[in-house]
Amino acid sequence: MGQIYLVRHGQASFGSANYDQLSTLGYEQARLLGQWYANSRQSFQRVVVGGMARHRQTADSCLAELPKGQLADTEWITDPGFAEFDHHEVLRRHCPEASDAAAFQQLLAQHEEPQRALEHLFRAAMQRWMSGWHDDEYTETWPEFRRRCVAALERLDTDSSKQATIVFTSGGVIATLMQHLLGLQDYQVMELSWTLANCAVTKLLQRPGQFTLSYLNNYSHLEWLGQPGAVTYR
């Protein structure tokens, strides 16, 4: 039986000019995951990176902690099918002020709890995107994103009964794949994505033509090895 480990990237640089970079804590989260795998002697025959900078940075920082023997003859693949949806576009279509960073920060600052205001805005933006009523306004529609994620997973379908694959991707991708495997509703995808911790691991078991969930959103490595504050969700 094959094993597939879906890793959400480490904490990215939220609020900066370029979100697609790990924060200092994000790099540390990735290292902690690598130390966990080193201690457990977990080896990987295949590494898949979703094509975004934060995915590759998480992969490099995590796997640098493993002894070379645990990555012997490992195949590295970049698959943009595991890239996140364009959350900037999704937010801008709902809230045009998000196009200007200064104006958007000013908008949020008007609220007593700016972080909660941002979450409400983003939830509404996601609902708009997923509704299907405005598909002509998006570069990638929700159904297209969902099909892309499922197709990427299906490309991992192999006949190997012992192969272990680790995939470095994003929360939206993982939540969407859970919808595919568990039959979740669209609104549940959105709710689930908010609960996925940075550098948490979701494990799938794979037989030819079949994927089964083993566990979801495991971040024990951050709680066990990390300092207070090591578990983050944004």
# chains A, B, ... in the order shown; residues from 1 in each chain; ligands from 1
$ closest_atom_pairs --of "region 75-110 of chain A" --to "region 49-59 of chain A" --cutoff "12 Å" --atoms "only C-alpha atoms" --output "CSV"
residue,atom,partner,partner_atom,distance
A:Glu75,CA,A:Val49,CA,11.1
A:Trp76,CA,A:Val49,CA,7.8
A:Ile77,CA,A:Val49,CA,6.3
A:Thr78,CA,A:Val49,CA,4.8
A:Asp79,CA,A:Gly50,CA,5.2
A:Pro80,CA,A:Gly51,CA,4.9
A:Gly81,CA,A:Gly50,CA,6.6
A:Phe82,CA,A:Gly50,CA,4.4
A:Ala83,CA,A:Gly50,CA,4.7
A:Glu84,CA,A:Gly50,CA,8.0
A:Phe85,CA,A:Met52,CA,10.9
A:Asp86,CA,A:Met52,CA,11.4
$ select_by_dssp --residues "region 30-93 of chain A" --states "helix (DSSP H, G or I)" --output "PyMOL selection string"
chain A and resi 30-39+53-63+68-71+80-82+87-93
$ select_by_dssp --residues "region 137-226 of chain A" --states "strand (DSSP E)" --output "ChimeraX atom specification"
/A:164-169,201-207,210-218
$ closest_residue --among "A:Gln11, A:Gln227, A:Gln70, A:Thr139" --to "Ala197 (chain A)" --atoms "only C-alpha atoms"
A:Gln11
$ closest_atom_pairs --of "region 98-144 of chain A" --to "region 167-183 of chain A" --cutoff "12 Å" --atoms "only C-alpha atoms" --output "CSV"
residue,atom,partner,partner_atom,distance
A:Met126,CA,A:Gly172,CA,10.8
A:Met130,CA,A:Thr176,CA,11.9
A:Trp142,CA,A:Thr176,CA,10.0
A:Pro143,CA,A:Thr176,CA,10.4
A:Glu144,CA,A:Thr176,CA,11.6
$ write_last_selection --atoms "N, CA and C atoms" --output "PDB file, in the first residue's frame"
ATOM      1  N   MET A 126     -14.748  34.032  -0.701  1.00  0.00           N
ATOM      2  CA  MET A 126     -14.761  32.616  -1.083  1.00  0.00           C
ATOM      3  C   MET A 126     -16.163  32.171  -1.496  1.00  0.00           C
ATOM      4  N   MET A 130     -17.134  30.581  -5.074  1.00  0.00           N
ATOM      5  CA  MET A 130     -17.657  29.220  -5.157  1.00  0.00           C
ATOM      6  C   MET A 130     -19.108  29.170  -5.624  1.00  0.00           C
ATOM      7  N   TRP A 142     -13.973  28.100  -9.475  1.00  0.00           N
ATOM      8  CA  TRP A 142     -13.948  27.083  -8.434  1.00  0.00           C
ATOM      9  C   TRP A 142     -14.007  25.668  -9.013  1.00  0.00           C
ATOM     10  N   PRO A 143     -14.918  25.360  -9.960  1.00  0.00           N
ATOM     11  CA  PRO A 143     -14.911  24.001 -10.526  1.00  0.00           C
ATOM     12  C   PRO A 143     -13.595  23.667 -11.226  1.00  0.00           C
ATOM     13  N   GLU A 144     -12.987  24.650 -11.887  1.00  0.00           N
ATOM     14  CA  GLU A 144     -11.708  24.401 -12.555  1.00  0.00           C
ATOM     15  C   GLU A 144     -10.611  24.097 -11.538  1.00  0.00           C
TER      16      GLU A 144
END
$ atom_distance --atom1 "CA of Asp73 (chain A)" --atom2 "CA of Val47 (chain A)"
10.8 Å
$ residues_around --residues "region 155-159 of chain A" --least-positions-apart "4" --cutoff "8 Å" --atoms "only C-alpha atoms" --output "list of chain:residue names"
A:Ala151, A:Gln206, A:Arg207, A:Pro208, A:Gly209, A:Gln210
$ residues_around --residues "Thr232 (chain A)" --least-positions-apart "4" --cutoff "12 Å" --atoms "only C-alpha atoms" --output "PyMOL selection string"
chain A and resi 8-12+14+23+25-26+28-29+194-200+219+222-223+226-228
$ atom_distance --atom1 "CA of Phe104 (chain A)" --atom2 "CA of Gln127 (chain A)"
19.7 Å
$ residues_around --residues "Val90 (chain A)" --least-positions-apart "2" --cutoff "9 Å" --atoms "only C-alpha atoms" --output "ChimeraX atom specification"
/A:85-88,92-95,122,125-126,128-129,138
$ closest_residue --among "A:Arg116, A:Arg46, A:Arg41, A:Arg123" --to "Leu192 (chain A)" --atoms "only C-alpha atoms"
A:Arg123
$ closest_residue --among "A:Tyr215, A:Tyr233, A:Trp224, A:Trp133" --to "Gln35 (chain A)" --atoms "only C-alpha atoms"
A:Trp224
$ atom_distance --atom1 "CA of Tyr37 (chain A)" --atom2 "CA of Leu66 (chain A)"
7.0 Å
$ closest_residue --among "A:Gln163, A:Gln105, A:Gln110, A:Ser61" --to "Leu32 (chain A)" --atoms "only C-alpha atoms"
A:Ser61
$ residues_around --residues "Ile166 (chain A)" --least-positions-apart "2" --cutoff "8 Å" --atoms "only C-alpha atoms" --output "PyMOL selection string"
chain A and resi 4-7+44+46-48+164+168
